[in-house]
Each structure stands twice: as structure tokens, then as C-alpha cells.
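Chemist: My structure file input37.pdb, PDB, C-alpha atoms, pLDDT in the B column, is below:
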```pdb
ATOM      1  CA  MET A   1      78.670  86.905  98.585  1.00 48.00           C
ATOM      2  CA  ILE A   2      81.825  88.905  99.151  1.00 50.00           C
ATOM      3  CA  THR A   3      82.464  91.893  96.914  1.00 58.00           C
ATOM      4  CA  ASP A   4      84.095  95.256  97.279  1.00 66.00           C
ATOM      5  CA  ARG A   5      80.683  96.756  97.892  1.00 78.00           C
ATOM      6  CA  PHE A   6      78.585  96.385 100.990  1.00 82.00           C
ATOM      7  CA  ARG A   7      74.918  96.625 100.101  1.00 87.00           C
ATOM      8  CA  ILE A   8      72.298  97.492 102.715  1.00 87.00           C
ATOM      9  CA  LEU A   9      68.547  97.325 102.187  1.00 89.00           C
ATOM     10  CA  SER A  10      66.811  99.357 104.855  1.00 89.00           C
ATOM     11  CA  VAL A  11      63.021  99.565 104.895  1.00 89.00           C
ATOM     12  CA  ASP A  12      61.054 101.953 107.064  1.00 86.00           C
ATOM     13  CA  GLY A  13      57.842 101.054 108.845  1.00 81.00           C
ATOM     14  CA  GLY A  14      54.434 102.280 107.838  1.00 85.00           C
ATOM     15  CA  GLY A  15      51.853  99.529 108.196  1.00 87.00           C
ATOM     16  CA  ILE A  16      50.088  98.642 104.975  1.00 90.00           C
ATOM     17  CA  ARG A  17      52.304 101.139 103.151  1.00 91.00           C
ATOM     18  CA  GLY A  18      54.931  98.368 103.388  1.00 91.00           C
ATOM     19  CA  LEU A  19      53.351  97.257 100.122  1.00 93.00           C
ATOM     20  CA  ILE A  20      55.303 100.035  98.363  1.00 94.00           C
ATOM     21  CA  PRO A  21      58.815  98.821  99.307  1.00 94.00           C
ATOM     22  CA  ALA A  22      57.626  95.224  98.766  1.00 94.00           C
ATOM     23  CA  LEU A  23      56.673  96.153  95.185  1.00 96.00           C
ATOM     24  CA  VAL A  24      60.015  97.946  94.702  1.00 95.00           C
ATOM     25  CA  ALA A  25      61.839  94.834  95.985  1.00 95.00           C
ATOM     26  CA  ALA A  26      59.756  92.660  93.631  1.00 96.00           C
ATOM     27  CA  ASP A  27      60.711  94.834  90.663  1.00 97.00           C
ATOM     28  CA  LEU A  28      64.376  94.826  91.686  1.00 95.00           C
ATOM     29  CA  GLU A  29      64.316  91.047  92.061  1.00 96.00           C
ATOM     30  CA  ARG A  30      62.625  90.701  88.660  1.00 96.00           C
ATOM     31  CA  ARG A  31      65.460  92.719  87.108  1.00 96.00           C
ATOM     32  CA  ILE A  32      68.057  90.610  88.934  1.00 95.00           C
ATOM     33  CA  CYS A  33      66.397  87.436  87.611  1.00 95.00           C
ATOM     34  CA  GLU A  34      66.517  88.777  84.044  1.00 96.00           C
ATOM     35  CA  ARG A  35      70.310  89.030  84.315  1.00 94.00           C
ATOM     36  CA  ALA A  36      71.234  86.216  86.687  1.00 94.00           C
ATOM     37  CA  GLY A  37      68.518  83.601  86.106  1.00 93.00           C
ATOM     38  CA  GLU A  38      65.207  82.626  87.660  1.00 91.00           C
ATOM     39  CA  GLN A  39      66.752  81.237  90.873  1.00 92.00           C
ATOM     40  CA  ALA A  40      68.353  84.582  91.803  1.00 93.00           C
ATOM     41  CA  ARG A  41      66.856  86.399  94.772  1.00 94.00           C
ATOM     42  CA  ILE A  42      67.385  89.840  96.194  1.00 93.00           C
ATOM     43  CA  CYS A  43      69.056  88.351  99.274  1.00 89.00           C
ATOM     44  CA  ASP A  44      71.852  87.050  97.010  1.00 90.00           C
ATOM     45  CA  TYR A  45      72.847  90.653  96.275  1.00 90.00           C
ATOM     46  CA  VAL A  46      72.333  92.404  99.613  1.00 90.00           C
ATOM     47  CA  ASN A  47      74.720  92.047 102.549  1.00 85.00           C
ATOM     48  CA  LEU A  48      72.520  93.480 105.286  1.00 84.00           C
ATOM     49  CA  PHE A  49      68.756  93.826 105.644  1.00 87.00           C
ATOM     50  CA  ALA A  50      67.294  96.215 108.196  1.00 85.00           C
ATOM     51  CA  GLY A  51      63.868  97.526 108.947  1.00 85.00           C
ATOM     52  CA  THR A  52      61.548  98.955 111.518  1.00 83.00           C
ATOM     53  CA  SER A  53      58.057  97.656 112.110  1.00 84.00           C
ATOM     54  CA  THR A  54      56.686  96.472 108.766  1.00 86.00           C
ATOM     55  CA  GLY A  55      60.154  97.103 107.306  1.00 87.00           C
ATOM     56  CA  GLY A  56      61.519  94.500 109.717  1.00 86.00           C
ATOM     57  CA  LEU A  57      58.868  92.076 108.502  1.00 86.00           C
ATOM     58  CA  ILE A  58      60.016  92.694 104.921  1.00 90.00           C
ATOM     59  CA  ALA A  59      63.668  92.158 105.901  1.00 89.00           C
ATOM     60  CA  LEU A  60      62.861  88.873 107.651  1.00 86.00           C
ATOM     61  CA  ALA A  61      60.558  87.637 104.894  1.00 88.00           C
ATOM     62  CA  LEU A  62      63.167  88.242 102.181  1.00 90.00           C
ATOM     63  CA  THR A  63      65.761  86.265 104.153  1.00 87.00           C
ATOM     64  CA  ALA A  64      63.740  83.508 105.873  1.00 85.00           C
ATOM     65  CA  PRO A  65      65.168  80.175 104.684  1.00 85.00           C
ATOM     66  CA  ASP A  66      63.173  77.613 102.765  1.00 87.00           C
ATOM     67  CA  PRO A  67      62.856  74.445 104.909  1.00 85.00           C
ATOM     68  CA  ALA A  68      63.446  72.308 101.803  1.00 89.00           C
ATOM     69  CA  ASP A  69      66.621  74.250 100.918  1.00 89.00           C
ATOM     70  CA  PRO A  70      67.921  76.271 103.887  1.00 83.00           C
ATOM     71  CA  ASP A  71      70.449  78.116 101.696  1.00 84.00           C
ATOM     72  CA  ARG A  72      67.610  79.724  99.706  1.00 88.00           C
ATOM     73  CA  PRO A  73      64.901  82.137 100.815  1.00 89.00           C
ATOM     74  CA  ARG A  74      61.439  80.772 101.421  1.00 90.00           C
ATOM     75  CA  VAL A  75      59.613  83.491  99.480  1.00 91.00           C
ATOM     76  CA  SER A  76      60.420  85.695  96.534  1.00 94.00           C
ATOM     77  CA  ALA A  77      59.924  89.446  96.662  1.00 95.00           C
ATOM     78  CA  ALA A  78      56.884  89.032  94.373  1.00 96.00           C
ATOM     79  CA  GLU A  79      55.366  86.576  96.869  1.00 95.00           C
ATOM     80  CA  LEU A  80      56.073  89.086  99.638  1.00 93.00           C
ATOM     81  CA  ALA A  81      54.190  91.797  97.729  1.00 95.00           C
ATOM     82  CA  ALA A  82      51.285  89.356  97.295  1.00 95.00           C
ATOM     83  CA  PHE A  83      51.367  88.796 101.070  1.00 93.00           C
ATOM     84  CA  TYR A  84      50.660  92.512 101.600  1.00 93.00           C
ATOM     85  CA  VAL A  85      47.896  92.554  98.999  1.00 94.00           C
ATOM     86  CA  GLN A  86      46.187  89.386 100.246  1.00 95.00           C
ATOM     87  CA  ASP A  87      46.717  89.582 104.031  1.00 94.00           C
ATOM     88  CA  GLY A  88      47.323  93.302 104.537  1.00 91.00           C
ATOM     89  CA  PRO A  89      43.693  94.408 104.859  1.00 92.00           C
ATOM     90  CA  ARG A  90      43.155  91.897 107.676  1.00 91.00           C
ATOM     91  CA  ILE A  91      46.496  92.579 109.409  1.00 90.00           C
ATOM     92  CA  PHE A  92      46.270  96.356 109.282  1.00 88.00           C
ATOM     93  CA  ARG A  93      42.584  96.725 110.152  1.00 88.00           C
ATOM     94  CA  ARG A  94      41.680  98.607 113.293  1.00 86.00           C
ATOM     95  CA  SER A  95      38.263  98.481 114.864  1.00 87.00           C
ATOM     96  CA  LEU A  96      36.846 101.527 116.600  1.00 90.00           C
ATOM     97  CA  LEU A  97      37.366  99.709 119.909  1.00 89.00           C
ATOM     98  CA  GLN A  98      41.079  99.161 119.096  1.00 85.00           C
ATOM     99  CA  LYS A  99      41.452 102.834 118.162  1.00 88.00           C
ATOM    100  CA  LEU A 100      39.823 103.958 121.407  1.00 90.00           C
ATOM    101  CA  ARG A 101      41.681 101.453 123.588  1.00 87.00           C
ATOM    102  CA  THR A 102      45.072 102.558 122.198  1.00 86.00           C
ATOM    103  CA  ALA A 103      44.243 106.260 121.729  1.00 88.00           C
ATOM    104  CA  TRP A 104      44.758 105.856 117.981  1.00 84.00           C
ATOM    105  CA  GLY A 105      48.107 104.152 118.542  1.00 81.00           C
ATOM    106  CA  TYR A 106      49.604 106.602 121.054  1.00 83.00           C
ATOM    107  CA  ALA A 107      48.952 104.479 124.149  1.00 85.00           C
ATOM    108  CA  GLY A 108      49.504 101.040 122.647  1.00 82.00           C
ATOM    109  CA  PRO A 109      50.044  99.158 119.418  1.00 82.00           C
ATOM    110  CA  LYS A 110      47.976 100.425 116.517  1.00 82.00           C
ATOM    111  CA  TYR A 111      47.147  96.935 115.296  1.00 82.00           C
ATOM    112  CA  SER A 112      46.307  93.655 116.967  1.00 83.00           C
ATOM    113  CA  LEU A 113      49.160  91.142 116.830  1.00 82.00           C
ATOM    114  CA  GLY A 114      46.884  88.143 116.192  1.00 86.00           C
ATOM    115  CA  PRO A 115      46.261  88.509 112.433  1.00 89.00           C
ATOM    116  CA  LEU A 116      49.911  89.360 111.776  1.00 85.00           C
ATOM    117  CA  ALA A 117      51.213  86.394 113.782  1.00 84.00           C
ATOM    118  CA  GLU A 118      48.809  84.023 112.040  1.00 88.00           C
ATOM    119  CA  SER A 119      49.761  85.284 108.560  1.00 88.00           C
ATOM    120  CA  VAL A 120      53.500  85.143 109.246  1.00 85.00           C
ATOM    121  CA  ARG A 121      53.218  81.641 110.685  1.00 84.00           C
ATOM    122  CA  ARG A 122      51.163  80.457 107.707  1.00 87.00           C
ATOM    123  CA  ARG A 123      53.433  82.006 105.066  1.00 85.00           C
ATOM    124  CA  LEU A 124      56.883  81.833 106.656  1.00 82.00           C
ATOM    125  CA  GLY A 125      56.583  79.067 109.234  1.00 78.00           C
ATOM    126  CA  ASP A 126      57.504  78.881 112.905  1.00 69.00           C
ATOM    127  CA  ALA A 127      61.268  78.917 112.380  1.00 58.00           C
ATOM    128  CA  LEU A 128      61.439  82.650 111.630  1.00 60.00           C
ATOM    129  CA  PRO A 129      63.139  83.742 114.903  1.00 55.00           C
ATOM    130  CA  ALA A 130      65.792  81.025 114.525  1.00 57.00           C
ATOM    131  CA  ALA A 131      66.289  82.049 110.912  1.00 55.00           C
ATOM    132  CA  ALA A 132      66.740  85.672 111.956  1.00 55.00           C
ATOM    133  CA  ALA A 133      69.378  84.713 114.517  1.00 50.00           C
ATOM    134  CA  SER A 134      71.229  82.629 111.923  1.00 51.00           C
ATOM    135  CA  LEU A 135      71.081  85.443 109.385  1.00 53.00           C
ATOM    136  CA  ILE A 136      72.399  87.974 111.889  1.00 51.00           C
ATOM    137  CA  ALA A 137      75.346  85.707 112.715  1.00 49.00           C
ATOM    138  CA  GLU A 138      76.090  85.140 109.019  1.00 53.00           C
ATOM    139  CA  ARG A 139      75.955  88.851 108.206  1.00 52.00           C
ATOM    140  CA  GLU A 140      78.126  89.644 111.235  1.00 53.00           C
ATOM    141  CA  ALA A 141      80.809  87.323 109.840  1.00 57.00           C
ATOM    142  CA  GLU A 142      80.601  89.136 106.485  1.00 58.00           C
ATOM    143  CA  LEU A 143      80.907  92.494 108.270  1.00 57.00           C
ATOM    144  CA  ASP A 144      84.017  91.262 110.101  1.00 60.00           C
ATOM    145  CA  GLU A 145      85.619  90.148 106.846  1.00 67.00           C
ATOM    146  CA  ILE A 146      84.836  93.452 105.121  1.00 62.00           C
ATOM    147  CA  ALA A 147      86.159  95.421 108.113  1.00 61.00           C
ATOM    148  CA  ASP A 148      89.383  93.367 108.025  1.00 63.00           C
ATOM    149  CA  ARG A 149      89.822  94.104 104.311  1.00 63.00           C
ATOM    150  CA  LEU A 150      89.196  97.814 104.843  1.00 59.00           C
ATOM    151  CA  LEU A 151      91.703  97.977 107.704  1.00 62.00           C
ATOM    152  CA  ALA A 152      94.298  96.097 105.653  1.00 67.00           C
ATOM    153  CA  ALA A 153      93.877  98.626 102.839  1.00 64.00           C
ATOM    154  CA  GLY A 154      95.211 101.397 105.072  1.00 63.00           C
ATOM    155  CA  PRO A 155      93.798 104.788 105.924  1.00 61.00           C
ATOM    156  CA  LEU A 156      91.150 106.302 103.706  1.00 56.00           C
ATOM    157  CA  GLU A 157      92.139 109.383 101.795  1.00 61.00           C
ATOM    158  CA  ALA A 158      89.889 112.403 101.654  1.00 58.00           C
ATOM    159  CA  ASP A 159      88.021 112.936  98.405  1.00 59.00           C
ATOM    160  CA  PRO A 160      89.717 115.943  96.766  1.00 64.00           C
ATOM    161  CA  HIS A 161      86.435 116.803  95.022  1.00 63.00           C
ATOM    162  CA  ALA A 162      84.329 116.803  98.184  1.00 60.00           C
ATOM    163  CA  PRO A 163      83.071 120.204  99.363  1.00 63.00           C
ATOM    164  CA  PRO A 164      84.866 121.588 102.443  1.00 60.00           C
TER     165      PRO A 164
END
```
Once you've parsed the file, please lay out its structure as C-alpha cells.

Modeler:
Amino acid sequence: MITDRFRILSVDGGGIRGLIPALVAADLERRICERAGEQARICDYVNLFAGTSTGGLIALALTAPDPADPDRPRVSAAELAAFYVQDGPRIFRRSLLQKLRTAWGYAGPKYSLGPLAESVRRRLGDALPAAAASLIAEREAELDEIADRLLAAGPLEADPHAPP
């Protein structure tokens, strides 16, 4: 997708609170589908996905390719939101021992990696790191093309309505 606009979806971390941006993405994707058809996905309309912690998981999940059709995402945003609802309580659970061992997350990871890794593998497959590398390369090519178009357009003029 090449347009005059460069759209970035950036999602912050926050553990189980990742459900909130997942629900927002699901609603946005629902609206996109109403206009563009049922096969449309949020990744068709965003040039760059970014995220920290659980936000990174959301970014990868929305762009992980479907093994049956590598040009399409494996999960919809609604399926991603369901992932948080169904697997979130197990992924983001901390025992008292985990809290003590990590000083409530200050001296180590707040959550155990095991439940997260198992859920991601079950829902998104083992090819996720390769998919991320492919996506980064694809988006980098889009960035290069947009940068070339911006440079060819000449210098940007200051907005005369912008405050000094």
C-alpha cells in the first residue's frame, strides 16, 4: 500500500491492559471491513507497527502471516482481542513467589515467559520471528520509497498558521 500518508500504529506496553488497544484495533478493523469488505485487515491500512512489551506482541500478532496465504495476516484484530480475554489471565498471573523473586518486577521480569511463549506458539505458530524480520524488511522498503518521494518534492515550507 503506497499512499501520500504514512500511517503508524504504536501500542504501549502494560500487560493485561493490552486488551484495551486490542479492542480498539478490533473496532477499527470492523469499521474498515464495513467499507472495504470482510477480507480487509488493519495491516492493509497501516505502514508501520510498533510496540513495547505487550504492544510489541499486538504489533506482531496483527502482522504475522497466515501459513496458508502468506500475504494475509494469520489473525484478525477481533481474534487478537479474544487472545487477551482467553489467555491473558494465565499469561499475566504472578504468584507470590514470582513477586518476591523479582521484587514485584523491579529485579526481573514481572511475568513468567512460559505461558506467553506457549500461547503465542499455539495461536501464531513458530514462524513469528521470521515473519517479523520479513515485515521489517518490507516496511523498510516502503519507508525508502516514501522518503524518495518526499525528497523529490523539494523542501517543506513552514505552515504560515503554525504558532511561532

Chemist: Any idea what's packed within 7 Å of Ile91 (chain A), counting all atoms listed in the file, ignoring anything in its chain fewer than 3 positions away? Could you give it as a list in words?

Modeler: Asp87, Gly88, Pro115 and Leu116 of chain A

Chemist: Would you mind listing what lies within 9 Å of Ala59 (chain A) as JSON, numbers by chain, with all atoms listed in the file counted and same-chain residues fewer than 6 positions away left out?

Modeler: {"A": [9, 10, 11, 48, 49, 50, 51]}

Chemist: CA of Glu79 (chain A) to CA of Phe6 (chain A): how many Å, to one decimal?

Modeler: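 Distance reported for this atom pair: 25.5 Å.
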
Chemist: Using all atoms listed in the file, find the one residue out of A:Arg5, A:Pro89, A:Asp66, A:Gly125 that sits nearest to Asn47 (chain A).

Modeler: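 So, comparing all the options, the nearest one is A:Arg5.
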
Chemist: Please report the interatomic distance between CA of Ile8 (chain A) and CA of Val46 (chain A) in Å with one decimal.

Modeler: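 Spanning CA of Ile8 (chain A) to CA of Val46 (chain A) is a straight-line distance of 6.0 Å.
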
Chemist: If you take all atoms listed in the file and a cut-off of 12 Å, which residues of region 9-98 of chain A touch region 119-123 of chain A, and what are their nearest atom pairs and distances in Å to one decimal, in chain and number order, as JSON lines?

Modeler:
```
{"residue": "A:Thr54", "atom": "CA", "partner": "A:Val120", "partner_atom": "CA", "distance": 11.8}
{"residue": "A:Leu57", "atom": "CA", "partner": "A:Val120", "partner_atom": "CA", "distance": 8.8}
{"residue": "A:Ile58", "atom": "CA", "partner": "A:Val120", "partner_atom": "CA", "distance": 10.9}
{"residue": "A:Leu60", "atom": "CA", "partner": "A:Val120", "partner_atom": "CA", "distance": 10.2}
{"residue": "A:Ala61", "atom": "CA", "partner": "A:Val120", "partner_atom": "CA", "distance": 8.7}
{"residue": "A:Leu62", "atom": "CA", "partner": "A:Arg123", "partner_atom": "CA", "distance": 11.9}
{"residue": "A:Ala64", "atom": "CA", "partner": "A:Arg123", "partner_atom": "CA", "distance": 10.4}
{"residue": "A:Pro65", "atom": "CA", "partner": "A:Arg123", "partner_atom": "CA", "distance": 11.9}
{"residue": "A:Asp66", "atom": "CA", "partner": "A:Arg123", "partner_atom": "CA", "distance": 10.9}
{"residue": "A:Arg74", "atom": "CA", "partner": "A:Arg123", "partner_atom": "CA", "distance": 8.9}
{"residue": "A:Val75", "atom": "CA", "partner": "A:Arg123", "partner_atom": "CA", "distance": 8.5}
{"residue": "A:Ser76", "atom": "CA", "partner": "A:Arg123", "partner_atom": "CA", "distance": 11.6}
{"residue": "A:Glu79", "atom": "CA", "partner": "A:Arg123", "partner_atom": "CA", "distance": 9.6}
{"residue": "A:Leu80", "atom": "CA", "partner": "A:Arg123", "partner_atom": "CA", "distance": 9.3}
{"residue": "A:Ala82", "atom": "CA", "partner": "A:Arg123", "partner_atom": "CA", "distance": 10.9}
{"residue": "A:Phe83", "atom": "CA", "partner": "A:Arg123", "partner_atom": "CA", "distance": 8.1}
{"residue": "A:Tyr84", "atom": "CA", "partner": "A:Ser119", "partner_atom": "CA", "distance": 10.1}
{"residue": "A:Gln86", "atom": "CA", "partner": "A:Ser119", "partner_atom": "CA", "distance": 9.9}
{"residue": "A:Asp87", "atom": "CA", "partner": "A:Ser119", "partner_atom": "CA", "distance": 6.9}
{"residue": "A:Gly88", "atom": "CA", "partner": "A:Ser119", "partner_atom": "CA", "distance": 9.3}
{"residue": "A:Pro89", "atom": "CA", "partner": "A:Ser119", "partner_atom": "CA", "distance": 11.6}
{"residue": "A:Arg90", "atom": "CA", "partner": "A:Ser119", "partner_atom": "CA", "distance": 9.4}
{"residue": "A:Ile91", "atom": "CA", "partner": "A:Ser119", "partner_atom": "CA", "distance": 8.0}
{"residue": "A:Phe92", "atom": "CA", "partner": "A:Ser119", "partner_atom": "CA", "distance": 11.6}
```

Chemist: Mind writing the picked residues with C-alpha atoms as a CSV table (one decimal), in the frame of the given file?

Modeler:
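New file again09.csv:
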```csv
chain,number,residue,atom,x,y,z
A,54,THR,CA,56.7,96.5,108.8
A,57,LEU,CA,58.9,92.1,108.5
A,58,ILE,CA,60.0,92.7,104.9
A,60,LEU,CA,62.9,88.9,107.7
A,61,ALA,CA,60.6,87.6,104.9
A,62,LEU,CA,63.2,88.2,102.2
A,64,ALA,CA,63.7,83.5,105.9
A,65,PRO,CA,65.2,80.2,104.7
A,66,ASP,CA,63.2,77.6,102.8
A,74,ARG,CA,61.4,80.8,101.4
A,75,VAL,CA,59.6,83.5,99.5
A,76,SER,CA,60.4,85.7,96.5
A,79,GLU,CA,55.4,86.6,96.9
A,80,LEU,CA,56.1,89.1,99.6
A,82,ALA,CA,51.3,89.4,97.3
A,83,PHE,CA,51.4,88.8,101.1
A,84,TYR,CA,50.7,92.5,101.6
A,86,GLN,CA,46.2,89.4,100.2
A,87,ASP,CA,46.7,89.6,104.0
A,88,GLY,CA,47.3,93.3,104.5
A,89,PRO,CA,43.7,94.4,104.9
A,90,ARG,CA,43.2,91.9,107.7
A,91,ILE,CA,46.5,92.6,109.4
A,92,PHE,CA,46.3,96.4,109.3
```

Chemist: For a test of reading the model, state the distance in Å between CA of Asp71 (chain A) and CA of Cys33 (chain A), rounded to one decimal.

Modeler: 17.4 Å

Chemist: Using the chain letters and residue numbers of this document, give as a VMD selection string the residues selected by the PyMOL selection byres ((chain A and resi 15) around 10).

Modeler: chain A and resid 12 to 14 16 to 19 53 to 55 84 88 91 to 93 110 to 111

Chemist: Do you know which residues the PyMOL selection byres ((chain A and resi 27-32) around 12) returns on this file, as a PyMOL selection string?

Modeler: chain A and resi 9+20-26+33-46+62+75-81

Chemist: Padding of 3 Å on every side, edges along x, y and z, all listed atoms of region 88-94 of chain A included: what centre and edge lengths in Å, to one decimal, does that box have, as JSON?

Modeler:
```
{"center_x": 44.5, "center_y": 95.3, "center_z": 108.9, "size_x": 11.6, "size_y": 12.7, "size_z": 14.8}
```

Chemist: List as a ChimeraX atom specification the residues having at least one atom at most 12 Å from position (47.3, 102.3, 117.2) as given in the file, counting only C-alpha atoms.

Modeler: /A:14-15,92-113
